[in-house]
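**Student:** Mind looking over this structure? Questions follow.
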Amino acid sequence: MDWFAGALLLCGLICVATGLLPIRTAEEATRRIVPLLVFLAAVIVLAELVGRAEVFDLVAGGIARTGRGSYGRLFVLCVLFASVTATVLNLDTTAVLLTPVMLAMAKRVGIAAVPLAMTTVWLANTASLLLPVSNLTNLLAADRVGLSAGGMAARMWAPQIAALTATTVCLWVFYWRRGRRGADAYVPPTTFRPADPVLFWTSATTCVAFLAAILLTPVPLWADALAAMSVVSVMFAVKRPGELTVVLVPWRLLAMVPGMFLVLETIDAHGMHRVLTWAVGAGGGAAALMRTAAAGAALSNALNNLPVYLAGEAAVPVNQHDQLLALLVGTNVGPLVSPWASLATLLWFERCRGQGVRIPLPRFIATGLVLAVTGTAAACGALILTG
């Protein structure tokens, strides 16, 4: 991944230097990228420090105790927790903040980490259809078709339930059933007590304030994350200054994201719009909607879901609202196969690597492909049936 990130950034810079990507387009892309990079750096450092303050251990212990030793009950709790988090917050924040909770649960309870990790990344993506706040693509789609938060929920509740159902079934079959997890029951952990109560409560309060600001204030997401990171960093500077090192900064993502955007902007400038116009086709019938959703899912895994949605939105006729929502289904539920298909997945891989959890890539790709196909088809079918 280090080599891949560096190569991607180098390719992007070469595209700009050679004129393949016009300077003006590169400048516009940079203006969009900078707030995203600030958010990424701030929220990942925040998550790392909050984890070191043992906040995630407390949340994980509470969920595990509620499960009372039953894997079935724990599975339902984790699915509900991840689904609500992704729906109410957004998928990127869910990937950053919920992944450490799940991995802390695995460590405290002594159960396999991969099922808990996969629950997070799959539901961060597939549970992001219901509300505009759940995903940046949702905000763009809701604005395009003129849907309020309530209007979007009224239109997308059935696709969301269909996507969650497919995800839950795939999670159980591929990762949570007895043959995969390797045990019948687990021992609930004892009540957790943090080693440094002052650092713990400062970090926990800041984290709650950060989540509340996302929901209740119009402040940009990057500013919320930067403010929260600053508060926790100051407390660590006072209590544990030795832990504030450059290792906390996610250098790989900070190289990969600009490189990815510059390369994709170059591809878009040289024909991606024409390809998407051909791929999504035209019309509002069931076959056309399925084709649009499939095109969005396939191209998201080949490239990345955000630029694919942006290019696809321009390719969908203005009056074809259901076709645009089908594209939204494909770009939200479908990007589960390649590690770069969505930013949430990239963030998730970064958090797993930081916690020392190895995700077998062949299995990730194979099971993700099954869910991408079934989840996209089920959600798009629900969209058609409720249209």
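By convention here, the chains of the structure tokens are called A, B, ... in the order presented, each chain's residues are numbered starting at 1, and ligands are numbered starting at 1 in the order presented.
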Give me the residues near Lys107 of chain A as a compact mmCIF listing (two decimals) with all heavy atoms, in the first residue's frame, where near means some atom within 12 Å (using only C-alpha atoms) and where sequence neighbours in that chain fewer than 3 positions away do not count.
**Tutor:**
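File part.txt, as written:
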```
# COMPACT_ATOMS: atom_id res chain seq x y z
N PHE A 56 -12.59 3.74 23.45
CA PHE A 56 -13.18 2.67 22.66
C PHE A 56 -13.30 1.37 23.46
O PHE A 56 -14.21 0.58 23.23
CB PHE A 56 -12.36 2.43 21.39
CG PHE A 56 -12.30 3.62 20.47
CD1 PHE A 56 -11.12 3.99 19.87
CD2 PHE A 56 -13.43 4.37 20.22
CE1 PHE A 56 -11.07 5.08 19.01
CE2 PHE A 56 -13.40 5.47 19.37
CZ PHE A 56 -12.21 5.83 18.77
N ASP A 57 -12.38 1.17 24.40
CA ASP A 57 -12.45 -0.03 25.23
C ASP A 57 -13.72 -0.02 26.08
O ASP A 57 -14.35 -1.07 26.29
CB ASP A 57 -11.23 -0.10 26.15
CG ASP A 57 -9.95 -0.33 25.37
OD1 ASP A 57 -9.37 0.65 24.88
OD2 ASP A 57 -9.54 -1.49 25.24
N ALA A 60 -16.72 -0.75 23.71
CA ALA A 60 -16.67 -2.15 23.29
C ALA A 60 -17.07 -3.08 24.43
O ALA A 60 -17.83 -4.04 24.23
CB ALA A 60 -15.26 -2.49 22.81
N GLY A 61 -16.59 -2.79 25.63
CA GLY A 61 -16.95 -3.62 26.77
C GLY A 61 -18.43 -3.58 27.07
O GLY A 61 -19.04 -4.60 27.40
N ALA A 64 -20.22 -5.77 24.49
CA ALA A 64 -19.96 -7.18 24.73
C ALA A 64 -20.71 -7.69 25.96
O ALA A 64 -21.22 -8.82 25.96
CB ALA A 64 -18.45 -7.40 24.89
N PRO A 100 -12.13 1.14 15.48
CA PRO A 100 -11.40 0.89 16.73
C PRO A 100 -12.27 0.29 17.83
O PRO A 100 -11.79 -0.48 18.65
CB PRO A 100 -10.88 2.27 17.14
CG PRO A 100 -10.89 3.07 15.89
CD PRO A 100 -12.05 2.57 15.10
N VAL A 101 -13.57 0.67 17.86
CA VAL A 101 -14.47 0.09 18.86
C VAL A 101 -14.60 -1.41 18.63
O VAL A 101 -14.50 -2.22 19.57
CB VAL A 101 -15.86 0.76 18.79
CG1 VAL A 101 -16.85 0.03 19.69
CG2 VAL A 101 -15.77 2.22 19.21
N MET A 102 -14.83 -1.81 17.39
CA MET A 102 -14.98 -3.23 17.07
C MET A 102 -13.70 -4.01 17.35
O MET A 102 -13.73 -5.12 17.91
CB MET A 102 -15.38 -3.39 15.61
CG MET A 102 -16.75 -2.81 15.26
SD MET A 102 -18.08 -3.67 16.13
CE MET A 102 -19.50 -3.18 15.13
N LEU A 103 -12.56 -3.44 17.00
CA LEU A 103 -11.29 -4.13 17.22
C LEU A 103 -10.95 -4.19 18.71
O LEU A 103 -10.36 -5.17 19.19
CB LEU A 103 -10.18 -3.46 16.44
CG LEU A 103 -10.36 -3.45 14.91
CD1 LEU A 103 -9.17 -2.79 14.23
CD2 LEU A 103 -10.57 -4.85 14.37
N ALA A 104 -11.33 -3.14 19.46
CA ALA A 104 -11.14 -3.17 20.90
C ALA A 104 -12.01 -4.26 21.53
O ALA A 104 -11.60 -4.92 22.49
CB ALA A 104 -11.47 -1.80 21.51
N GLY A 110 -11.67 -11.44 23.46
CA GLY A 110 -10.91 -12.58 22.99
C GLY A 110 -11.58 -13.32 21.85
O GLY A 110 -11.48 -14.55 21.75
N ILE A 111 -12.28 -12.58 20.97
CA ILE A 111 -12.93 -13.20 19.82
C ILE A 111 -12.23 -12.74 18.55
O ILE A 111 -11.42 -11.81 18.57
CB ILE A 111 -14.44 -12.85 19.77
CG1 ILE A 111 -14.64 -11.34 19.67
CG2 ILE A 111 -15.15 -13.38 21.00
CD1 ILE A 111 -16.10 -10.93 19.60
N ALA A 112 -12.55 -13.38 17.44
CA ALA A 112 -11.89 -13.06 16.17
C ALA A 112 -12.17 -11.62 15.76
O ALA A 112 -13.29 -11.13 15.86
CB ALA A 112 -12.36 -14.03 15.09
N ALA A 113 -11.12 -10.94 15.27
CA ALA A 113 -11.26 -9.53 14.90
C ALA A 113 -11.87 -9.33 13.53
O ALA A 113 -12.59 -8.34 13.31
CB ALA A 113 -9.89 -8.85 14.95
N VAL A 114 -11.62 -10.25 12.58
CA VAL A 114 -12.06 -10.04 11.20
C VAL A 114 -13.58 -9.92 11.07
O VAL A 114 -14.07 -9.03 10.36
CB VAL A 114 -11.50 -11.14 10.28
CG1 VAL A 114 -12.09 -11.04 8.88
CG2 VAL A 114 -9.98 -11.02 10.20
N LEU A 116 -15.76 -8.75 13.16
CA LEU A 116 -16.14 -7.44 13.67
C LEU A 116 -15.69 -6.33 12.72
O LEU A 116 -16.41 -5.36 12.48
CB LEU A 116 -15.53 -7.23 15.05
CG LEU A 116 -16.13 -8.10 16.15
CD1 LEU A 116 -15.21 -8.16 17.35
CD2 LEU A 116 -17.50 -7.59 16.57
N PRO A 188 -18.24 -12.65 28.68
CA PRO A 188 -18.39 -11.19 28.74
C PRO A 188 -17.31 -10.57 29.62
O PRO A 188 -16.92 -11.13 30.64
CB PRO A 188 -19.78 -10.99 29.36
CG PRO A 188 -20.50 -12.28 29.11
CD PRO A 188 -19.44 -13.34 29.16
N PRO A 189 -16.79 -9.41 29.23
CA PRO A 189 -15.72 -8.77 30.02
C PRO A 189 -16.26 -8.16 31.30
O PRO A 189 -17.46 -7.89 31.43
CB PRO A 189 -15.20 -7.68 29.07
CG PRO A 189 -16.38 -7.33 28.22
CD PRO A 189 -17.15 -8.61 28.04
N GLN A 355 -4.08 -1.04 13.91
CA GLN A 355 -4.35 -1.90 15.06
C GLN A 355 -3.71 -3.28 14.91
O GLN A 355 -3.93 -4.16 15.74
CB GLN A 355 -5.87 -2.06 15.25
CG GLN A 355 -6.60 -0.76 15.56
CD GLN A 355 -6.24 -0.22 16.94
OE1 GLN A 355 -6.13 -0.97 17.89
NE2 GLN A 355 -6.03 1.09 17.04
N GLY A 356 -2.97 -3.48 13.83
CA GLY A 356 -2.30 -4.76 13.64
C GLY A 356 -3.21 -5.89 13.19
O GLY A 356 -2.86 -7.06 13.37
N VAL A 357 -4.35 -5.57 12.60
CA VAL A 357 -5.30 -6.59 12.13
C VAL A 357 -5.10 -6.80 10.63
O VAL A 357 -5.22 -5.86 9.85
CB VAL A 357 -6.75 -6.18 12.43
CG1 VAL A 357 -7.72 -7.20 11.84
CG2 VAL A 357 -6.97 -6.05 13.93
```
**Student:** Skipping near chain neighbours, those fewer than 6 positions away, what residues fall within 12 Å of Ala378 of chain A using only C-alpha atoms, listed as a PDB file with all heavy atoms, in the first residue's frame?
**Tutor:**
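The result, stored in out15.pdb:
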```
ATOM      1  N   THR A 126     -23.106   0.113   3.070  1.00  0.00           N
ATOM      2  CA  THR A 126     -24.464  -0.279   2.669  1.00  0.00           C
ATOM      3  C   THR A 126     -25.555   0.362   3.515  1.00  0.00           C
ATOM      4  O   THR A 126     -26.708   0.388   3.097  1.00  0.00           O
ATOM      5  CB  THR A 126     -24.629  -1.806   2.724  1.00  0.00           C
ATOM      6  OG1 THR A 126     -24.452  -2.270   4.072  1.00  0.00           O
ATOM      7  CG2 THR A 126     -23.616  -2.496   1.827  1.00  0.00           C
ATOM      8  N   ALA A 158     -37.125   1.577   1.611  1.00  0.00           N
ATOM      9  CA  ALA A 158     -37.182   0.188   1.127  1.00  0.00           C
ATOM     10  C   ALA A 158     -35.824  -0.262   0.558  1.00  0.00           C
ATOM     11  O   ALA A 158     -35.345  -1.356   0.894  1.00  0.00           O
ATOM     12  CB  ALA A 158     -38.288   0.033   0.091  1.00  0.00           C
ATOM     13  N   PRO A 159     -35.166   0.535  -0.309  1.00  0.00           N
ATOM     14  CA  PRO A 159     -33.822   0.137  -0.723  1.00  0.00           C
ATOM     15  C   PRO A 159     -32.848  -0.032   0.440  1.00  0.00           C
ATOM     16  O   PRO A 159     -32.006  -0.931   0.418  1.00  0.00           O
ATOM     17  CB  PRO A 159     -33.386   1.285  -1.642  1.00  0.00           C
ATOM     18  CG  PRO A 159     -34.661   1.843  -2.173  1.00  0.00           C
ATOM     19  CD  PRO A 159     -35.641   1.725  -1.051  1.00  0.00           C
ATOM     20  N   GLN A 160     -32.992   0.830   1.462  1.00  0.00           N
ATOM     21  CA  GLN A 160     -32.095   0.706   2.616  1.00  0.00           C
ATOM     22  C   GLN A 160     -32.320  -0.605   3.366  1.00  0.00           C
ATOM     23  O   GLN A 160     -31.358  -1.302   3.734  1.00  0.00           O
ATOM     24  CB  GLN A 160     -32.278   1.889   3.564  1.00  0.00           C
ATOM     25  CG  GLN A 160     -31.360   1.869   4.761  1.00  0.00           C
ATOM     26  CD  GLN A 160     -29.897   1.951   4.381  1.00  0.00           C
ATOM     27  OE1 GLN A 160     -29.319   3.021   4.306  1.00  0.00           O
ATOM     28  NE2 GLN A 160     -29.256   0.813   4.131  1.00  0.00           N
ATOM     29  N   ILE A 161     -33.565  -0.966   3.579  1.00  0.00           N
ATOM     30  CA  ILE A 161     -33.861  -2.233   4.259  1.00  0.00           C
ATOM     31  C   ILE A 161     -33.356  -3.411   3.433  1.00  0.00           C
ATOM     32  O   ILE A 161     -32.789  -4.373   3.969  1.00  0.00           O
ATOM     33  CB  ILE A 161     -35.377  -2.356   4.529  1.00  0.00           C
ATOM     34  CG1 ILE A 161     -35.790  -1.345   5.615  1.00  0.00           C
ATOM     35  CG2 ILE A 161     -35.743  -3.781   4.948  1.00  0.00           C
ATOM     36  CD1 ILE A 161     -37.286  -1.311   5.877  1.00  0.00           C
ATOM     37  N   ALA A 162     -33.550  -3.354   2.125  1.00  0.00           N
ATOM     38  CA  ALA A 162     -33.082  -4.436   1.255  1.00  0.00           C
ATOM     39  C   ALA A 162     -31.562  -4.579   1.329  1.00  0.00           C
ATOM     40  O   ALA A 162     -31.029  -5.693   1.412  1.00  0.00           O
ATOM     41  CB  ALA A 162     -33.525  -4.176  -0.180  1.00  0.00           C
ATOM     42  N   ALA A 163     -30.853  -3.447   1.299  1.00  0.00           N
ATOM     43  CA  ALA A 163     -29.390  -3.491   1.375  1.00  0.00           C
ATOM     44  C   ALA A 163     -28.922  -4.033   2.720  1.00  0.00           C
ATOM     45  O   ALA A 163     -27.979  -4.831   2.790  1.00  0.00           O
ATOM     46  CB  ALA A 163     -28.813  -2.097   1.134  1.00  0.00           C
ATOM     47  N   LEU A 164     -29.584  -3.612   3.802  1.00  0.00           N
ATOM     48  CA  LEU A 164     -29.214  -4.098   5.131  1.00  0.00           C
ATOM     49  C   LEU A 164     -29.493  -5.590   5.278  1.00  0.00           C
ATOM     50  O   LEU A 164     -28.712  -6.314   5.911  1.00  0.00           O
ATOM     51  CB  LEU A 164     -29.975  -3.318   6.206  1.00  0.00           C
ATOM     52  CG  LEU A 164     -29.557  -1.867   6.414  1.00  0.00           C
ATOM     53  CD1 LEU A 164     -30.439  -1.206   7.462  1.00  0.00           C
ATOM     54  CD2 LEU A 164     -28.095  -1.783   6.831  1.00  0.00           C
ATOM     55  N   THR A 165     -30.590  -6.049   4.701  1.00  0.00           N
ATOM     56  CA  THR A 165     -30.909  -7.479   4.764  1.00  0.00           C
ATOM     57  C   THR A 165     -29.848  -8.306   4.057  1.00  0.00           C
ATOM     58  O   THR A 165     -29.358  -9.311   4.587  1.00  0.00           O
ATOM     59  CB  THR A 165     -32.289  -7.745   4.136  1.00  0.00           C
ATOM     60  OG1 THR A 165     -33.285  -6.984   4.835  1.00  0.00           O
ATOM     61  CG2 THR A 165     -32.645  -9.222   4.212  1.00  0.00           C
ATOM     62  N   ALA A 166     -29.474  -7.890   2.857  1.00  0.00           N
ATOM     63  CA  ALA A 166     -28.432  -8.607   2.118  1.00  0.00           C
ATOM     64  C   ALA A 166     -27.108  -8.589   2.875  1.00  0.00           C
ATOM     65  O   ALA A 166     -26.396  -9.603   2.939  1.00  0.00           O
ATOM     66  CB  ALA A 166     -28.259  -7.994   0.730  1.00  0.00           C
ATOM     67  N   THR A 167     -26.778  -7.453   3.475  1.00  0.00           N
ATOM     68  CA  THR A 167     -25.527  -7.337   4.226  1.00  0.00           C
ATOM     69  C   THR A 167     -25.525  -8.250   5.440  1.00  0.00           C
ATOM     70  O   THR A 167     -24.534  -8.934   5.725  1.00  0.00           O
ATOM     71  CB  THR A 167     -25.303  -5.882   4.675  1.00  0.00           C
ATOM     72  OG1 THR A 167     -25.369  -5.014   3.542  1.00  0.00           O
ATOM     73  CG2 THR A 167     -23.942  -5.720   5.338  1.00  0.00           C
ATOM     74  N   MET A 290     -31.805  -1.031 -13.295  1.00  0.00           N
ATOM     75  CA  MET A 290     -30.843  -2.067 -12.916  1.00  0.00           C
ATOM     76  C   MET A 290     -29.506  -1.848 -13.625  1.00  0.00           C
ATOM     77  O   MET A 290     -28.436  -2.003 -13.033  1.00  0.00           O
ATOM     78  CB  MET A 290     -31.401  -3.448 -13.258  1.00  0.00           C
ATOM     79  CG  MET A 290     -32.410  -3.984 -12.265  1.00  0.00           C
ATOM     80  SD  MET A 290     -31.606  -4.404 -10.690  1.00  0.00           S
ATOM     81  CE  MET A 290     -32.992  -5.141  -9.800  1.00  0.00           C
ATOM     82  N   ALA A 293     -27.671   1.069 -11.910  1.00  0.00           N
ATOM     83  CA  ALA A 293     -27.105   0.673 -10.622  1.00  0.00           C
ATOM     84  C   ALA A 293     -25.881  -0.215 -10.817  1.00  0.00           C
ATOM     85  O   ALA A 293     -24.857  -0.053 -10.143  1.00  0.00           O
ATOM     86  CB  ALA A 293     -28.152  -0.043  -9.784  1.00  0.00           C
ATOM     87  N   ALA A 294     -25.967  -1.158 -11.751  1.00  0.00           N
ATOM     88  CA  ALA A 294     -24.842  -2.056 -12.017  1.00  0.00           C
ATOM     89  C   ALA A 294     -23.637  -1.287 -12.547  1.00  0.00           C
ATOM     90  O   ALA A 294     -22.491  -1.559 -12.157  1.00  0.00           O
ATOM     91  CB  ALA A 294     -25.265  -3.137 -13.015  1.00  0.00           C
ATOM     92  N   ALA A 326     -31.065   5.207  -8.690  1.00  0.00           N
ATOM     93  CA  ALA A 326     -30.472   3.895  -8.983  1.00  0.00           C
ATOM     94  C   ALA A 326     -28.948   4.003  -9.061  1.00  0.00           C
ATOM     95  O   ALA A 326     -28.214   3.121  -8.585  1.00  0.00           O
ATOM     96  CB  ALA A 326     -31.032   3.339 -10.290  1.00  0.00           C
ATOM     97  N   VAL A 329     -27.725   4.103  -5.572  1.00  0.00           N
ATOM     98  CA  VAL A 329     -27.678   2.755  -4.991  1.00  0.00           C
ATOM     99  C   VAL A 329     -26.392   2.046  -5.416  1.00  0.00           C
ATOM    100  O   VAL A 329     -25.692   1.441  -4.587  1.00  0.00           O
ATOM    101  CB  VAL A 329     -28.913   1.932  -5.421  1.00  0.00           C
ATOM    102  CG1 VAL A 329     -28.722   0.447  -5.103  1.00  0.00           C
ATOM    103  CG2 VAL A 329     -30.168   2.454  -4.726  1.00  0.00           C
ATOM    104  N   GLY A 330     -26.075   2.106  -6.702  1.00  0.00           N
ATOM    105  CA  GLY A 330     -24.878   1.438  -7.193  1.00  0.00           C
ATOM    106  C   GLY A 330     -23.598   1.973  -6.592  1.00  0.00           C
ATOM    107  O   GLY A 330     -22.695   1.213  -6.224  1.00  0.00           O
ATOM    108  N   VAL A 333     -23.910   1.130  -2.368  1.00  0.00           N
ATOM    109  CA  VAL A 333     -23.947  -0.264  -1.931  1.00  0.00           C
ATOM    110  C   VAL A 333     -22.903  -1.109  -2.656  1.00  0.00           C
ATOM    111  O   VAL A 333     -22.378  -2.075  -2.106  1.00  0.00           O
ATOM    112  CB  VAL A 333     -25.358  -0.854  -2.147  1.00  0.00           C
ATOM    113  CG1 VAL A 333     -25.421  -2.312  -1.701  1.00  0.00           C
ATOM    114  CG2 VAL A 333     -26.404  -0.032  -1.394  1.00  0.00           C
ATOM    115  N   GLY A 334     -22.573  -0.740  -3.887  1.00  0.00           N
ATOM    116  CA  GLY A 334     -21.702  -1.569  -4.716  1.00  0.00           C
ATOM    117  C   GLY A 334     -20.216  -1.516  -4.436  1.00  0.00           C
ATOM    118  O   GLY A 334     -19.509  -2.499  -4.709  1.00  0.00           O
ATOM    119  N   LEU A 371     -21.623  -9.676  -2.008  1.00  0.00           N
ATOM    120  CA  LEU A 371     -22.507  -8.681  -1.405  1.00  0.00           C
ATOM    121  C   LEU A 371     -22.774  -7.517  -2.355  1.00  0.00           C
ATOM    122  O   LEU A 371     -23.895  -6.998  -2.409  1.00  0.00           O
ATOM    123  CB  LEU A 371     -21.920  -8.164  -0.096  1.00  0.00           C
ATOM    124  CG  LEU A 371     -22.739  -7.082   0.610  1.00  0.00           C
ATOM    125  CD1 LEU A 371     -24.173  -7.545   0.859  1.00  0.00           C
ATOM    126  CD2 LEU A 371     -22.080  -6.653   1.908  1.00  0.00           C
ATOM    127  N   ALA A 372     -21.765  -7.096  -3.109  1.00  0.00           N
ATOM    128  CA  ALA A 372     -21.963  -5.987  -4.048  1.00  0.00           C
ATOM    129  C   ALA A 372     -23.048  -6.329  -5.060  1.00  0.00           C
ATOM    130  O   ALA A 372     -23.916  -5.500  -5.368  1.00  0.00           O
ATOM    131  CB  ALA A 372     -20.658  -5.661  -4.758  1.00  0.00           C
ATOM    132  N   ILE A 384     -37.328   0.001  -7.443  1.00  0.00           N
ATOM    133  CA  ILE A 384     -38.273  -0.174  -8.554  1.00  0.00           C
ATOM    134  C   ILE A 384     -39.662  -0.504  -8.031  1.00  0.00           C
ATOM    135  O   ILE A 384     -40.665   0.092  -8.471  1.00  0.00           O
ATOM    136  CB  ILE A 384     -37.762  -1.290  -9.490  1.00  0.00           C
ATOM    137  CG1 ILE A 384     -36.470  -0.847 -10.187  1.00  0.00           C
ATOM    138  CG2 ILE A 384     -38.823  -1.655 -10.521  1.00  0.00           C
ATOM    139  CD1 ILE A 384     -35.727  -1.979 -10.873  1.00  0.00           C
ATOM    140  N   LEU A 385     -39.735  -1.410  -7.072  1.00  0.00           N
ATOM    141  CA  LEU A 385     -41.042  -1.849  -6.557  1.00  0.00           C
ATOM    142  C   LEU A 385     -41.783  -0.739  -5.819  1.00  0.00           C
ATOM    143  O   LEU A 385     -43.016  -0.695  -5.823  1.00  0.00           O
ATOM    144  CB  LEU A 385     -40.862  -3.049  -5.621  1.00  0.00           C
ATOM    145  CG  LEU A 385     -40.424  -4.355  -6.302  1.00  0.00           C
ATOM    146  CD1 LEU A 385     -40.151  -5.442  -5.255  1.00  0.00           C
ATOM    147  CD2 LEU A 385     -41.495  -4.831  -7.284  1.00  0.00           C
TER     148      LEU A 385
END
```
**Student:** Segment 119-220 of chain A near segment 68-88 of chain A within 12 Å: what's each residue's closest atom pair and its distance in Å to one decimal, counting only C-alpha atoms, ordered by chain then ascending residue number, as JSON lines?
**Tutor:**
```
{"residue": "A:Thr119", "atom": "CA", "partner": "A:Val79", "partner_atom": "CA", "distance": 6.8}
{"residue": "A:Thr120", "atom": "CA", "partner": "A:Ala82", "partner_atom": "CA", "distance": 6.1}
{"residue": "A:Val121", "atom": "CA", "partner": "A:Ala82", "partner_atom": "CA", "distance": 9.0}
{"residue": "A:Trp122", "atom": "CA", "partner": "A:Ala82", "partner_atom": "CA", "distance": 9.2}
{"residue": "A:Leu123", "atom": "CA", "partner": "A:Ser83", "partner_atom": "CA", "distance": 5.9}
{"residue": "A:Ala124", "atom": "CA", "partner": "A:Ala86", "partner_atom": "CA", "distance": 5.2}
{"residue": "A:Asn125", "atom": "CA", "partner": "A:Ala86", "partner_atom": "CA", "distance": 7.7}
{"residue": "A:Thr126", "atom": "CA", "partner": "A:Ser83", "partner_atom": "CA", "distance": 8.4}
{"residue": "A:Ala127", "atom": "CA", "partner": "A:Ser83", "partner_atom": "CA", "distance": 5.4}
{"residue": "A:Ser128", "atom": "CA", "partner": "A:Thr87", "partner_atom": "CA", "distance": 5.3}
{"residue": "A:Leu129", "atom": "CA", "partner": "A:Thr87", "partner_atom": "CA", "distance": 7.4}
{"residue": "A:Leu130", "atom": "CA", "partner": "A:Thr87", "partner_atom": "CA", "distance": 6.5}
{"residue": "A:Leu131", "atom": "CA", "partner": "A:Thr87", "partner_atom": "CA", "distance": 6.6}
{"residue": "A:Pro132", "atom": "CA", "partner": "A:Thr87", "partner_atom": "CA", "distance": 9.0}
{"residue": "A:Val133", "atom": "CA", "partner": "A:Val88", "partner_atom": "CA", "distance": 7.0}
{"residue": "A:Ser134", "atom": "CA", "partner": "A:Thr87", "partner_atom": "CA", "distance": 5.0}
{"residue": "A:Asn135", "atom": "CA", "partner": "A:Thr87", "partner_atom": "CA", "distance": 8.5}
{"residue": "A:Asn138", "atom": "CA", "partner": "A:Thr87", "partner_atom": "CA", "distance": 11.1}
{"residue": "A:Ala149", "atom": "CA", "partner": "A:Val88", "partner_atom": "CA", "distance": 11.4}
{"residue": "A:Ala153", "atom": "CA", "partner": "A:Thr87", "partner_atom": "CA", "distance": 10.5}
{"residue": "A:Met156", "atom": "CA", "partner": "A:Thr87", "partner_atom": "CA", "distance": 12.0}
{"residue": "A:Trp157", "atom": "CA", "partner": "A:Thr87", "partner_atom": "CA", "distance": 11.4}
{"residue": "A:Gln160", "atom": "CA", "partner": "A:Thr87", "partner_atom": "CA", "distance": 9.8}
{"residue": "A:Ile161", "atom": "CA", "partner": "A:Ser83", "partner_atom": "CA", "distance": 10.5}
{"residue": "A:Ala163", "atom": "CA", "partner": "A:Ser83", "partner_atom": "CA", "distance": 10.8}
{"residue": "A:Leu164", "atom": "CA", "partner": "A:Ser83", "partner_atom": "CA", "distance": 8.0}
{"residue": "A:Thr165", "atom": "CA", "partner": "A:Val79", "partner_atom": "CA", "distance": 10.4}
{"residue": "A:Thr167", "atom": "CA", "partner": "A:Val79", "partner_atom": "CA", "distance": 9.2}
{"residue": "A:Thr168", "atom": "CA", "partner": "A:Val79", "partner_atom": "CA", "distance": 7.3}
{"residue": "A:Val169", "atom": "CA", "partner": "A:Val79", "partner_atom": "CA", "distance": 10.9}
{"residue": "A:Cys170", "atom": "CA", "partner": "A:Val79", "partner_atom": "CA", "distance": 11.8}
{"residue": "A:Leu171", "atom": "CA", "partner": "A:Phe75", "partner_atom": "CA", "distance": 9.1}
{"residue": "A:Trp172", "atom": "CA", "partner": "A:Phe75", "partner_atom": "CA", "distance": 8.2}
{"residue": "A:Val173", "atom": "CA", "partner": "A:Phe75", "partner_atom": "CA", "distance": 11.9}
{"residue": "A:Tyr175", "atom": "CA", "partner": "A:Phe75", "partner_atom": "CA", "distance": 10.4}
{"residue": "A:Trp176", "atom": "CA", "partner": "A:Phe75", "partner_atom": "CA", "distance": 7.5}
{"residue": "A:Arg177", "atom": "CA", "partner": "A:Gly72", "partner_atom": "CA", "distance": 8.7}
{"residue": "A:Arg178", "atom": "CA", "partner": "A:Tyr71", "partner_atom": "CA", "distance": 8.9}
{"residue": "A:Arg180", "atom": "CA", "partner": "A:Tyr71", "partner_atom": "CA", "distance": 11.8}
{"residue": "A:Arg181", "atom": "CA", "partner": "A:Tyr71", "partner_atom": "CA", "distance": 9.1}
{"residue": "A:Gly182", "atom": "CA", "partner": "A:Tyr71", "partner_atom": "CA", "distance": 10.7}
{"residue": "A:Ala183", "atom": "CA", "partner": "A:Tyr71", "partner_atom": "CA", "distance": 8.6}
{"residue": "A:Asp184", "atom": "CA", "partner": "A:Tyr71", "partner_atom": "CA", "distance": 7.1}
{"residue": "A:Ala185", "atom": "CA", "partner": "A:Ser70", "partner_atom": "CA", "distance": 5.4}
{"residue": "A:Tyr186", "atom": "CA", "partner": "A:Gly69", "partner_atom": "CA", "distance": 4.7}
{"residue": "A:Val187", "atom": "CA", "partner": "A:Gly69", "partner_atom": "CA", "distance": 5.4}
{"residue": "A:Pro188", "atom": "CA", "partner": "A:Gly69", "partner_atom": "CA", "distance": 5.5}
{"residue": "A:Pro189", "atom": "CA", "partner": "A:Gly69", "partner_atom": "CA", "distance": 9.2}
{"residue": "A:Thr190", "atom": "CA", "partner": "A:Arg68", "partner_atom": "CA", "distance": 11.2}
{"residue": "A:Leu211", "atom": "CA", "partner": "A:Val88", "partner_atom": "CA", "distance": 9.8}
{"residue": "A:Ala212", "atom": "CA", "partner": "A:Val88", "partner_atom": "CA", "distance": 10.6}
{"residue": "A:Ile214", "atom": "CA", "partner": "A:Val88", "partner_atom": "CA", "distance": 9.6}
{"residue": "A:Leu215", "atom": "CA", "partner": "A:Val88", "partner_atom": "CA", "distance": 7.8}
{"residue": "A:Leu216", "atom": "CA", "partner": "A:Val88", "partner_atom": "CA", "distance": 11.3}
```
**Student:** Just list as a PyMOL selection string whatever in segment 159-376 of chain A DSSP marks as helix (DSSP H, G or I).
**Tutor:** chain A and resi 159-176+178-181+197-216+221-239+241-243+246-248+251-280+286-302+305-315+321-333+343-354+361-376
**Student:** Could you list, with a cut-off of 12 Å and counting only C-alpha atoms, the residues of segment 39-144 of chain A near segment 241-258 of chain A, each shown with its nearest atom pair and the distance in Å rounded to one decimal, rows sorted by chain and ascending number, as CSV?
**Tutor:**
```
residue,atom,partner,partner_atom,distance
A:Phe39,CA,A:Leu254,CA,10.5
A:Leu40,CA,A:Leu254,CA,7.8
A:Ala41,CA,A:Pro250,CA,6.2
A:Ala42,CA,A:Val249,CA,8.5
A:Val43,CA,A:Pro250,CA,10.0
A:Ile44,CA,A:Pro250,CA,7.1
A:Val45,CA,A:Leu248,CA,5.7
A:Leu46,CA,A:Leu248,CA,9.2
A:Ala47,CA,A:Leu248,CA,9.8
A:Glu48,CA,A:Leu248,CA,7.2
A:Leu49,CA,A:Leu248,CA,8.5
A:Val50,CA,A:Leu248,CA,11.9
A:Gly51,CA,A:Leu248,CA,11.9
A:Arg52,CA,A:Glu243,CA,9.1
A:Ala53,CA,A:Glu243,CA,11.0
A:Val96,CA,A:Pro250,CA,11.9
```
